file query.cif (mmCIF, C-alpha atoms)
data_target
loop_
_atom_site.label_atom_id
_atom_site.label_comp_id
_atom_site.auth_asym_id
_atom_site.auth_seq_id
_atom_site.Cartn_x
_atom_site.Cartn_y
_atom_site.Cartn_z
CA MET A 30 -81.03 -20.79 -11.77
CA GLU A 31 -81.84 -17.16 -11.01
CA PHE A 32 -78.98 -15.69 -13.03
CA GLU A 33 -80.06 -17.55 -16.17
CA ALA A 34 -83.47 -15.88 -16.03
CA HIS A 35 -81.70 -12.55 -16.63
CA ARG A 36 -78.94 -13.65 -19.04
CA ALA A 37 -80.67 -12.68 -22.32
CA ARG A 38 -81.51 -9.19 -21.03
CA LEU A 39 -77.99 -8.68 -19.69
CA PHE A 40 -76.49 -9.78 -23.01
CA GLY A 41 -78.89 -7.44 -24.82
CA ILE A 42 -77.79 -4.48 -22.70
CA ALA A 43 -74.08 -5.20 -23.14
CA TYR A 44 -74.35 -5.80 -26.89
CA ARG A 45 -76.26 -2.57 -27.49
CA MET A 46 -73.72 -0.71 -25.37
CA LEU A 47 -70.66 -2.13 -27.14
CA GLY A 48 -71.77 -3.30 -30.60
CA SER A 49 -69.73 -6.44 -29.96
CA ALA A 50 -71.33 -9.81 -29.20
CA SER A 51 -68.06 -11.40 -28.09
CA GLU A 52 -67.31 -8.57 -25.65
CA ALA A 53 -70.91 -8.67 -24.43
CA GLU A 54 -70.54 -12.38 -23.66
CA ASP A 55 -67.39 -11.68 -21.66
CA LEU A 56 -69.13 -8.98 -19.62
CA VAL A 57 -72.09 -11.22 -18.88
CA GLN A 58 -69.69 -13.91 -17.69
CA GLU A 59 -67.97 -11.39 -15.43
CA ALA A 60 -71.38 -10.37 -14.07
CA TYR A 61 -72.06 -14.04 -13.33
CA LEU A 62 -68.79 -14.39 -11.41
CA ARG A 63 -69.61 -11.31 -9.34
CA TRP A 64 -73.09 -12.68 -8.71
CA GLU A 65 -71.59 -15.94 -7.44
CA ARG A 66 -69.30 -14.06 -5.03
CA THR A 67 -72.09 -11.85 -3.67
CA ASP A 68 -74.10 -12.48 -0.52
CA ARG A 69 -77.59 -12.95 -1.99
CA ASP A 70 -79.23 -11.84 1.24
CA THR A 71 -77.97 -8.32 0.53
CA VAL A 72 -79.55 -8.21 -2.96
CA THR A 73 -83.19 -7.17 -2.77
CA ALA A 74 -83.73 -6.87 -6.55
CA PRO A 75 -81.49 -9.29 -8.51
CA GLY A 76 -82.56 -8.00 -11.92
CA ALA A 77 -81.70 -4.40 -11.07
CA TRP A 78 -78.46 -5.44 -9.37
CA LEU A 79 -77.31 -7.43 -12.38
CA ALA A 80 -78.34 -4.71 -14.84
CA LYS A 81 -76.28 -2.20 -12.87
CA VAL A 82 -73.24 -4.48 -12.88
CA VAL A 83 -73.43 -5.08 -16.64
CA THR A 84 -74.08 -1.41 -17.40
CA ASN A 85 -71.07 -0.31 -15.34
CA LEU A 86 -68.86 -2.98 -16.89
CA SER A 87 -69.99 -1.78 -20.32
CA LEU A 88 -69.23 1.83 -19.46
CA ASN A 89 -65.72 0.85 -18.38
CA GLU A 90 -65.18 -1.20 -21.53
CA LEU A 91 -66.34 1.58 -23.86
CA ALA A 92 -63.29 3.73 -23.12
CA SER A 93 -60.79 1.10 -24.27
CA ALA A 94 -63.08 -0.03 -27.10
CA ARG A 95 -63.10 3.47 -28.56
CA MET A 96 -59.32 3.64 -28.54
CA ARG A 97 -59.17 0.32 -30.40
CA ARG A 98 -61.66 1.57 -32.98
CA GLU A 99 -59.61 4.71 -33.59
CA ARG A 100 -56.78 2.41 -34.71
CA TYR A 101 -59.09 0.08 -36.62
CA VAL A 102 -58.08 -0.74 -40.19
CA GLY A 103 -60.83 0.29 -42.61
CA GLN A 104 -64.47 0.72 -41.64
CA TRP A 105 -65.70 -0.47 -38.25
CA LEU A 106 -69.04 -2.28 -38.18
CA PRO A 107 -70.81 -3.93 -35.24
CA GLU A 108 -70.67 -7.70 -34.89
CA PRO A 109 -73.68 -9.28 -36.63
CA VAL A 110 -76.06 -11.38 -34.54
CA LEU A 111 -78.51 -13.82 -36.12
CA THR A 112 -82.11 -13.20 -35.12
CA THR A 113 -83.62 -15.76 -37.50
CA ALA A 114 -85.68 -18.45 -35.78
CA SER A 115 -83.56 -21.43 -34.80
CA GLY A 116 -83.27 -23.98 -37.59
CA THR A 117 -84.60 -21.65 -40.31
CA VAL A 118 -81.24 -20.81 -41.85
CA GLY A 119 -80.08 -24.42 -41.93
CA ALA A 120 -83.29 -25.47 -43.62
CA VAL A 121 -82.87 -22.86 -46.33
CA ALA A 122 -79.20 -23.54 -46.82
CA GLY A 123 -79.63 -27.27 -46.89
CA THR A 124 -76.68 -27.66 -44.57
CA SER A 125 -76.00 -30.59 -42.31
CA GLY A 126 -74.26 -30.74 -38.98
CA ALA A 127 -73.67 -32.65 -35.80
CA GLY A 128 -77.12 -31.88 -34.41
CA PRO A 129 -78.40 -29.46 -31.77
CA ARG A 130 -75.90 -27.68 -29.58
CA THR A 131 -76.26 -24.98 -26.95
CA ALA A 132 -76.73 -21.68 -28.76
CA PRO A 133 -75.12 -18.42 -27.64
CA PRO A 134 -77.47 -16.01 -25.80
CA PRO A 135 -80.28 -14.55 -27.93
CA LEU A 136 -80.42 -10.83 -28.69
CA GLY A 137 -83.55 -10.10 -26.67
CA PRO A 138 -85.85 -8.45 -26.26
CA LEU A 139 -87.05 -8.04 -29.86
CA GLU A 140 -90.82 -7.96 -29.39
CA THR A 141 -91.43 -4.43 -30.69
CA VAL A 142 -90.32 -2.37 -33.68
CA GLU A 143 -88.44 -0.03 -31.35
CA GLN A 144 -86.54 -2.90 -29.78
CA ARG A 145 -85.57 -4.25 -33.20
CA ASP A 146 -84.51 -0.79 -34.32
CA SER A 147 -82.26 -0.61 -31.25
CA VAL A 148 -80.06 -3.43 -32.59
CA SER A 149 -80.06 -2.43 -36.26
CA PHE A 150 -76.63 -1.87 -37.74
CA ALA A 151 -77.64 1.67 -38.72
CA LEU A 152 -78.46 2.65 -35.14
CA LEU A 153 -75.53 0.82 -33.55
CA VAL A 154 -73.18 2.82 -35.77
CA LEU A 155 -74.94 6.05 -34.78
CA LEU A 156 -74.60 5.14 -31.10
CA GLU A 157 -70.83 5.41 -31.55
CA ARG A 158 -71.17 9.20 -31.60
CA LEU A 159 -72.63 9.28 -28.06
CA THR A 160 -70.73 9.64 -24.81
CA PRO A 161 -70.78 6.47 -22.69
CA PRO A 162 -73.37 7.89 -20.22
CA GLU A 163 -75.60 9.04 -23.11
CA ARG A 164 -75.37 5.63 -24.70
CA ALA A 165 -76.25 3.89 -21.45
CA VAL A 166 -79.33 6.04 -20.88
CA PHE A 167 -80.45 5.68 -24.50
CA VAL A 168 -80.09 1.88 -24.48
CA LEU A 169 -81.83 1.40 -21.14
CA ARG A 170 -84.65 3.75 -22.06
CA GLU A 171 -85.27 2.98 -25.73
CA ALA A 172 -84.58 -0.75 -25.87
CA PHE A 173 -85.62 -1.88 -22.41
CA GLY A 174 -88.19 0.71 -21.36
CA TYR A 175 -86.53 1.56 -18.04
CA PRO A 176 -88.14 4.59 -16.34
CA HIS A 177 -85.73 7.47 -15.77
CA ARG A 178 -86.08 6.92 -12.03
CA ASP A 179 -84.61 3.42 -12.39
CA ILE A 180 -81.95 4.55 -14.87
CA ALA A 181 -80.84 7.21 -12.42
CA GLU A 182 -80.42 4.56 -9.73
CA LEU A 183 -78.47 2.27 -12.06
CA LEU A 184 -76.09 5.05 -13.12
CA GLU A 185 -75.99 6.73 -9.69
CA THR A 186 -77.14 10.06 -11.04
CA SER A 187 -80.25 12.22 -10.74
CA GLU A 188 -83.48 11.59 -12.61
CA ALA A 189 -83.19 15.08 -14.14
CA ASN A 190 -79.70 14.26 -15.45
CA SER A 191 -80.95 10.98 -16.88
CA ARG A 192 -83.62 12.85 -18.83
CA GLN A 193 -81.06 15.38 -20.04
CA LEU A 194 -78.67 12.65 -21.20
CA HIS A 195 -81.55 10.93 -23.02
CA ARG A 196 -82.50 14.17 -24.73
CA ARG A 197 -78.92 14.81 -25.85
CA ALA A 198 -78.56 11.26 -27.13
CA LYS A 199 -81.70 11.49 -29.24
CA GLN A 200 -80.59 14.84 -30.65
CA ALA A 201 -77.14 13.49 -31.57
CA ILE A 202 -78.60 10.40 -33.20
CA GLY A 203 -81.27 12.42 -34.97
CA ARG A 204 -78.63 14.49 -36.75
CA GLY A 205 -77.35 11.32 -38.42
CA ALA A 206 -80.66 9.54 -38.95
CA PRO A 207 -81.92 8.88 -42.49
CA ALA A 208 -84.79 10.91 -43.89
CA PRO A 209 -88.32 9.55 -43.31
CA ARG A 210 -89.24 6.84 -45.78
CA THR A 211 -92.12 7.05 -48.21
CA GLY A 212 -95.35 5.64 -46.83
CA GLU A 213 -94.69 6.51 -43.20
CA THR A 214 -97.59 8.47 -41.80
CA CYS A 215 -96.76 8.72 -38.12
CA THR A 216 -94.71 11.28 -36.27
CA LYS A 217 -91.03 10.41 -35.95
CA ASP A 218 -88.87 10.84 -32.91
CA ALA A 219 -85.34 12.23 -33.05
CA THR A 220 -83.89 8.89 -34.05
CA GLY A 221 -86.22 8.44 -36.99
CA THR A 222 -88.00 5.62 -35.17
CA ALA A 223 -91.70 5.30 -35.84
CA GLY A 224 -93.82 6.09 -32.84
CA ALA A 225 -92.93 7.49 -29.45
CA THR A 226 -91.48 5.74 -26.43
CA ASP A 227 -92.03 8.34 -23.72
CA GLY A 228 -95.67 7.57 -23.11
CA THR A 229 -96.92 9.62 -26.05
CA VAL A 230 -99.97 8.16 -27.76
CA THR A 231 -99.54 7.65 -31.46
CA ALA A 232 -102.50 6.55 -33.55
CA VAL A 233 -100.79 4.71 -36.39
CA ALA A 234 -97.16 4.03 -37.19
CA THR A 235 -95.45 2.25 -40.07
CA ASP A 236 -92.35 0.11 -40.05
CA ALA A 237 -89.42 0.40 -42.45
CA THR A 238 -91.39 -1.37 -45.18
CA GLY A 239 -94.41 0.89 -44.85
CA THR A 240 -96.52 -1.74 -43.08
CA ALA A 241 -98.93 -0.35 -40.51
CA VAL A 242 -98.03 -0.95 -36.88
CA ALA A 243 -100.62 -0.01 -34.27
CA THR A 244 -99.18 1.84 -31.30
CA ASP A 245 -102.22 3.44 -29.70
CA ALA A 246 -101.45 2.23 -26.19
CA THR A 247 -98.46 2.36 -23.90
CA ASP A 248 -97.43 0.19 -21.01
CA THR A 249 -96.24 1.44 -17.65
CA THR A 250 -92.74 2.09 -18.96
CA GLY A 251 -93.98 4.18 -21.86
CA THR A 252 -93.10 1.53 -24.42
CA ALA A 253 -95.55 1.31 -27.29
CA VAL A 254 -97.88 -1.68 -27.15
CA ALA A 255 -99.49 -2.99 -30.31
CA ALA A 256 -103.22 -2.34 -30.24
CA GLY A 257 -104.25 -5.29 -32.36
CA THR A 258 -103.32 -8.97 -32.51
CA THR A 259 -104.08 -9.77 -36.13
CA ASP A 260 -103.34 -6.64 -38.14
CA THR A 261 -100.12 -5.44 -36.56
CA THR A 262 -96.87 -6.42 -38.18
CA ASP A 263 -93.42 -5.58 -36.87
CA ALA A 264 -90.39 -4.79 -39.00
CA THR A 265 -89.46 -8.43 -39.40
CA GLY A 266 -92.87 -9.64 -40.48
CA THR A 267 -93.86 -10.87 -37.04
CA VAL A 268 -97.56 -10.41 -36.47
CA GLY A 269 -98.47 -9.40 -32.92
CA GLY A 270 -94.91 -10.27 -31.94
CA THR A 271 -95.50 -14.01 -32.25
CA GLY A 272 -96.40 -15.09 -35.78
CA VAL A 273 -95.03 -14.66 -39.27
CA GLY A 274 -96.43 -11.82 -41.37
CA ALA A 275 -96.28 -13.21 -44.89
CA PRO A 276 -96.67 -9.91 -46.83
CA VAL A 277 -93.66 -8.23 -45.18
CA ARG A 278 -91.54 -11.38 -45.26
CA GLN A 279 -92.39 -11.92 -48.94
CA ARG A 280 -91.37 -8.36 -49.82
CA TRP A 281 -88.05 -8.88 -48.11
CA THR A 282 -87.55 -12.30 -49.61
CA GLY A 283 -88.42 -11.22 -53.13
CA LEU A 284 -86.13 -8.19 -52.98
CA VAL A 285 -83.23 -10.13 -51.47
CA GLU A 286 -83.57 -13.02 -53.93
CA SER A 287 -83.61 -10.60 -56.88
CA PHE A 288 -80.56 -8.88 -55.44
CA VAL A 289 -78.64 -12.14 -55.08
CA ALA A 290 -79.49 -13.22 -58.62
CA ALA A 291 -78.46 -9.88 -60.13
CA ALA A 292 -75.20 -9.78 -58.16
CA ARG A 293 -74.31 -13.37 -59.05
CA GLU A 294 -74.93 -12.72 -62.75
CA GLY A 295 -73.18 -9.35 -62.69
CA ASP A 296 -76.32 -7.71 -64.13
CA LEU A 297 -75.59 -4.01 -63.59
CA ARG A 298 -78.91 -2.69 -64.88
CA ARG A 299 -80.90 -5.05 -62.73
CA LEU A 300 -78.77 -4.25 -59.71
CA GLU A 301 -79.27 -0.53 -60.19
CA ARG A 302 -83.03 -0.98 -60.31
CA LEU A 303 -82.89 -2.65 -56.89
CA LEU A 304 -80.89 0.19 -55.28
CA THR A 305 -81.95 3.65 -54.16
CA GLU A 306 -80.23 6.55 -55.88
CA ASP A 307 -78.29 7.49 -52.73
CA VAL A 308 -77.41 3.93 -51.70
CA VAL A 309 -74.21 3.45 -49.69
CA SER A 310 -72.12 0.32 -49.13
CA TYR A 311 -69.84 -0.25 -46.15
CA ALA A 312 -67.41 -3.13 -45.68
CA ASP A 313 -65.48 -4.40 -42.67
CA GLY A 314 -62.57 -6.73 -43.28
CA GLY A 315 -60.73 -5.81 -40.11
CA GLY A 316 -57.48 -5.50 -42.03
CA ARG A 317 -57.41 -9.29 -42.42
CA ILE A 318 -59.73 -9.77 -45.39
CA SER A 319 -59.68 -7.59 -48.50
CA ALA A 320 -62.59 -5.14 -48.34
CA ALA A 321 -63.31 -1.55 -49.36
CA ARG A 322 -61.83 0.74 -46.71
CA ARG A 323 -64.10 3.66 -47.51
CA PRO A 324 -67.87 3.85 -48.04
CA ILE A 325 -69.01 3.55 -51.65
CA LEU A 326 -71.73 6.04 -52.53
CA GLY A 327 -74.31 6.18 -55.30
CA ARG A 328 -76.32 3.70 -57.33
CA ALA A 329 -73.94 3.29 -60.27
CA LYS A 330 -70.77 2.92 -58.17
CA VAL A 331 -72.35 0.52 -55.69
CA ALA A 332 -73.83 -1.59 -58.49
CA ARG A 333 -70.42 -1.93 -60.18
CA TYR A 334 -68.75 -2.75 -56.86
CA LEU A 335 -71.33 -5.40 -56.03
CA ALA A 336 -71.37 -6.91 -59.50
CA GLY A 337 -67.65 -7.54 -59.24
CA GLY A 338 -67.21 -8.24 -55.54
CA LEU A 339 -70.32 -10.23 -54.72
CA ALA A 340 -70.12 -12.20 -57.95
CA ARG A 341 -66.65 -13.44 -56.94
CA PHE A 342 -67.81 -13.94 -53.36
CA ALA A 343 -70.88 -15.88 -54.42
CA ALA A 344 -68.75 -18.17 -56.59
CA ALA A 345 -67.13 -19.59 -53.45
CA ALA A 346 -70.23 -19.67 -51.25
CA VAL A 347 -73.99 -20.03 -51.09
CA LEU A 348 -75.73 -16.73 -50.34
CA VAL A 349 -78.63 -17.46 -48.00
CA PRO A 350 -81.32 -14.91 -47.04
CA CYS A 351 -81.85 -14.67 -43.29
CA GLU A 352 -82.50 -12.16 -40.51
CA VAL A 353 -79.62 -10.43 -38.74
CA ASN A 354 -80.00 -7.77 -36.05
CA GLY A 355 -83.72 -7.74 -36.68
CA GLY A 356 -83.44 -6.98 -40.40
CA PRO A 357 -82.92 -8.62 -43.80
CA ALA A 358 -79.48 -10.04 -44.49
CA LEU A 359 -77.46 -12.63 -46.37
CA LEU A 360 -75.16 -15.29 -45.00
CA ALA A 361 -72.28 -16.40 -47.23
CA LEU A 362 -71.94 -20.09 -46.42
CA ALA A 363 -69.17 -22.37 -47.64
CA GLU A 364 -68.34 -25.99 -46.88
CA ASP A 365 -66.07 -24.97 -44.03
CA GLY A 366 -68.47 -22.48 -42.45
CA LEU A 367 -69.54 -18.85 -42.55
CA LEU A 368 -67.51 -16.54 -44.79
CA GLY A 369 -69.40 -13.29 -44.34
CA VAL A 370 -72.61 -11.49 -43.43
CA VAL A 371 -74.31 -8.80 -45.53
CA THR A 372 -77.01 -6.74 -43.83
CA LEU A 373 -79.43 -4.80 -46.00
CA GLU A 374 -81.30 -1.61 -45.22
CA VAL A 375 -84.52 -1.23 -47.18
CA ALA A 376 -86.33 2.00 -48.11
CA GLN A 377 -89.13 2.42 -50.64
CA GLU A 378 -88.85 -1.30 -51.41
CA ARG A 379 -85.27 -0.81 -52.59
CA ILE A 380 -81.94 -1.35 -50.90
CA SER A 381 -80.65 1.91 -49.42
CA ALA A 382 -77.58 0.62 -47.57
CA LEU A 383 -75.42 -2.51 -47.38
CA ARG A 384 -73.03 -3.43 -44.61
CA ILE A 385 -70.66 -6.22 -45.56
CA CYS A 386 -68.88 -7.92 -42.67
CA VAL A 387 -66.14 -10.38 -43.62
CA SER A 388 -63.69 -9.89 -40.75
CA PRO A 389 -63.18 -13.35 -39.21
CA ASP A 390 -63.23 -11.84 -35.73
CA LYS A 391 -66.50 -10.00 -36.38
CA ILE A 392 -68.42 -12.97 -37.77
CA ALA A 393 -67.19 -15.52 -35.22
CA TYR A 394 -70.25 -15.09 -32.97
CA ALA A 395 -72.70 -15.43 -35.87
CA ALA A 396 -70.78 -18.52 -37.02
CA ARG A 397 -71.21 -20.09 -33.57
CA GLN A 398 -74.90 -19.23 -33.63
CA PHE A 399 -75.32 -20.91 -37.00
CA ALA A 400 -73.37 -23.97 -35.91
CA ALA A 401 -75.60 -24.31 -32.85
CA TYR A 402 -78.82 -24.41 -34.90
CA PRO A 403 -80.36 -27.87 -35.19
CA SER A 404 -79.38 -29.61 -38.41
CA SER A 405 -82.19 -29.99 -40.91
#

call {"tool": "encode", "arguments": {"input": "query.cif", "output": "structure tokens"}}
result
Amino acid sequence: MEFEAHRARLFGIAYRMLGSASEAEDLVQEAYLRWERTDRDTVTAPGAWLAKVVTNLSLNELASARMRRERYVGQWLPEPVLTTASGTVGAVAGTSGAGPRTAPPPLGPLETVEQRDSVSFALLVLLERLTPPERAVFVLREAFGYPHRDIAELLETSEANSRQLHRRAKQAIGRGAPAPRTGETCTKDATGTAGATDGTVTAVATDATGTAVATDATDTTGTAVAAGTTDTTDATGTVGGTGVGAPVRQRWTGLVESFVAAAREGDLRRLERLLTEDVVSYADGGGRISAARRPILGRAKVARYLAGGLARFAAAAVLVPCEVNGGPALLALAEDGLLGVVTLEVAQERISALRICVSPDKIAYAARQFAAYPSS
């Protein structure tokens, strides 16, 4: 079916535009209904037609979404989306289920560091400061490599305006981006993303863990293309975009496992050693689950908060390392399902930010993803 060939990309656009997987699913379904009602003979480029429909639906939804977020109780975080390989989480957790089921749409594409950065919690929160047109241009350009000529057609604007909106978006995001991390040797763009995506040739870049990523070639859209197939490792430990890079994955795994052990035992000193000095913790309970309503700043305060909160949380659930939104995370799994998702931001081989999502509405999509994984 032609529509299905585009579903993952459409979902990826809508999710990056809205920060909500459930709303993105609804928009993709609406796009499907419009596709079914359309005379196909009048559509010369189905992919472009569908991308325009989803982008415009997202732009319309952003206005009402922002009003809802202004009334939101506590801190608003995006909805987490599992990007761990199917079956991996279940195998680690030792869970059982009813067998394979149809999984929700994947969060593609995630082949490059830039694409993974485009769905990170840190960037999705920063995207909230953009106007809807700026966000649309940024998402289409940075995550999907659309040329400005095509973006202009999708948004029914001029190519010059598309470039101007992209420039403004990068400047706005750059003002809130974290400082460059130790070990990064490449030039950084306004978002703090390693490498360039406008066709600029960059000799060597490093991902968030300091692992070298070759980006000395660009494709026709200006998106960086890894130069090697054996020595390039993306931010998730994927070598050449297809395999598992053990060194990066082991660094994540070791850090996350140490973090879980220290939090479970309430070991403040050990926790502090795993956190950066300026670490910050955010929590989203949606007003339904008890959670900190303001960010908690600083190593000592965050360590105390985690030692108490996560220790109690862990007593009722199994904390399982996994990958969420292209980065390291923990799933809190209980007998009756998913209780929460904790995403971790890593800098200098320490945890620099935590985003704790326990709102039942926010974790519903991730819970469905987990339930759809084959039982192990």

call {"tool": "residues_around", "arguments": {"input": "query.cif", "residues": "segment 289-298 of chain A", "least_positions_apart": "4", "cutoff": "9 Å", "atoms": "only C-alpha atoms", "output": "list in words"}}
result
Leu284, Val285, Arg302, Leu303, Ala329, Ala332, Arg333, Leu335, Ala336, Gly337, Gly338, Leu339, Ala340, Arg341, Phe342, Ala343, Ala344, Leu348, Val349, Pro350 and Leu359 of chain A

call {"tool": "atom_distance", "arguments": {"input": "query.cif", "atom1": "atom CA of Gly316 of chain A", "atom2": "atom CA of Val387 of chain A"}}
result
10.1 Å

call {"tool": "atom_distance", "arguments": {"input": "query.cif", "atom1": "atom CA of Phe40 of chain A", "atom2": "atom CA of Tyr311 of chain A"}}
result
25.9 Å

call {"tool": "atom_distance", "arguments": {"input": "query.cif", "atom1": "atom CA of Ala312 of chain A", "atom2": "atom CA of Trp105 of chain A"}}
result
8.1 Å

call {"tool": "residues_near_point", "arguments": {"input": "query.cif", "point": "(-70.7, -11.1, -11.5)", "cutoff": "12 Å", "atoms": "all atoms listed in the file", "output": "list of chain:residue names"}}
result
A:Phe32, A:Arg36, A:Leu39, A:Asp55, A:Leu56, A:Val57, A:Gln58, A:Glu59, A:Ala60, A:Tyr61, A:Leu62, A:Arg63, A:Trp64, A:Glu65, A:Arg66, A:Thr67, A:Asp68, A:Arg69, A:Pro75, A:Trp78, A:Leu79, A:Ala80, A:Lys81, A:Val82, A:Val83, A:Thr84, A:Asn85, A:Leu86

call {"tool": "closest_residue", "arguments": {"input": "query.cif", "among": "A:Ala74, A:Leu139, A:Val148, A:Leu300", "to": "Asp179 of chain A", "atoms": "all atoms listed in the file"}}
result
A:Ala74

call {"tool": "resolve_selection", "arguments": {"input": "query.cif", "expression": "the PyMOL selection byres ((chain A and resi 52) around 10)", "output": "short mmCIF file (atom, residue, chain, number, x, y, z; two decimals) with C-alpha atoms, in the frame of the given file"}}
result
data_model
loop_
_atom_site.label_atom_id
_atom_site.label_comp_id
_atom_site.auth_asym_id
_atom_site.auth_seq_id
_atom_site.Cartn_x
_atom_site.Cartn_y
_atom_site.Cartn_z
CA PHE A 40 -76.49 -9.78 -23.01
CA ALA A 43 -74.08 -5.20 -23.14
CA TYR A 44 -74.35 -5.80 -26.89
CA LEU A 47 -70.66 -2.13 -27.14
CA GLY A 48 -71.77 -3.30 -30.60
CA SER A 49 -69.73 -6.44 -29.96
CA ALA A 50 -71.33 -9.81 -29.20
CA SER A 51 -68.06 -11.40 -28.09
CA ALA A 53 -70.91 -8.67 -24.43
CA GLU A 54 -70.54 -12.38 -23.66
CA ASP A 55 -67.39 -11.68 -21.66
CA LEU A 56 -69.13 -8.98 -19.62
CA VAL A 57 -72.09 -11.22 -18.88
CA GLN A 58 -69.69 -13.91 -17.69
CA SER A 87 -69.99 -1.78 -20.32
CA GLU A 90 -65.18 -1.20 -21.53
CA ALA A 94 -63.08 -0.03 -27.10
CA GLU A 108 -70.67 -7.70 -34.89
#

call {"tool": "resolve_selection", "arguments": {"input": "query.cif", "expression": "the PyMOL selection byres ((chain A and resi 169-176) around 6)", "output": "ChimeraX atom specification"}}
result
/A:144,147,166-168,177-179,250,252

call {"tool": "resolve_selection", "arguments": {"input": "query.cif", "expression": "the PyMOL selection byres ((chain A and resi 369) around 6)", "output": "list in words"}}
result
Ala361, Leu367, Leu368, Val370, Cys386 and Val387 of chain A

call {"tool": "residues_around", "arguments": {"input": "query.cif", "residues": "Leu383 of chain A", "least_positions_apart": "4", "cutoff": "9 Å", "atoms": "only C-alpha atoms", "output": "ChimeraX atom specification"}}
result
/A:308-312,371-374

call {"tool": "closest_residue", "arguments": {"input": "query.cif", "among": "A:Pro324, A:Gly314, A:Gly366, A:Gly355", "to": "Phe150 of chain A", "atoms": "only C-alpha atoms"}}
result
A:Gly355
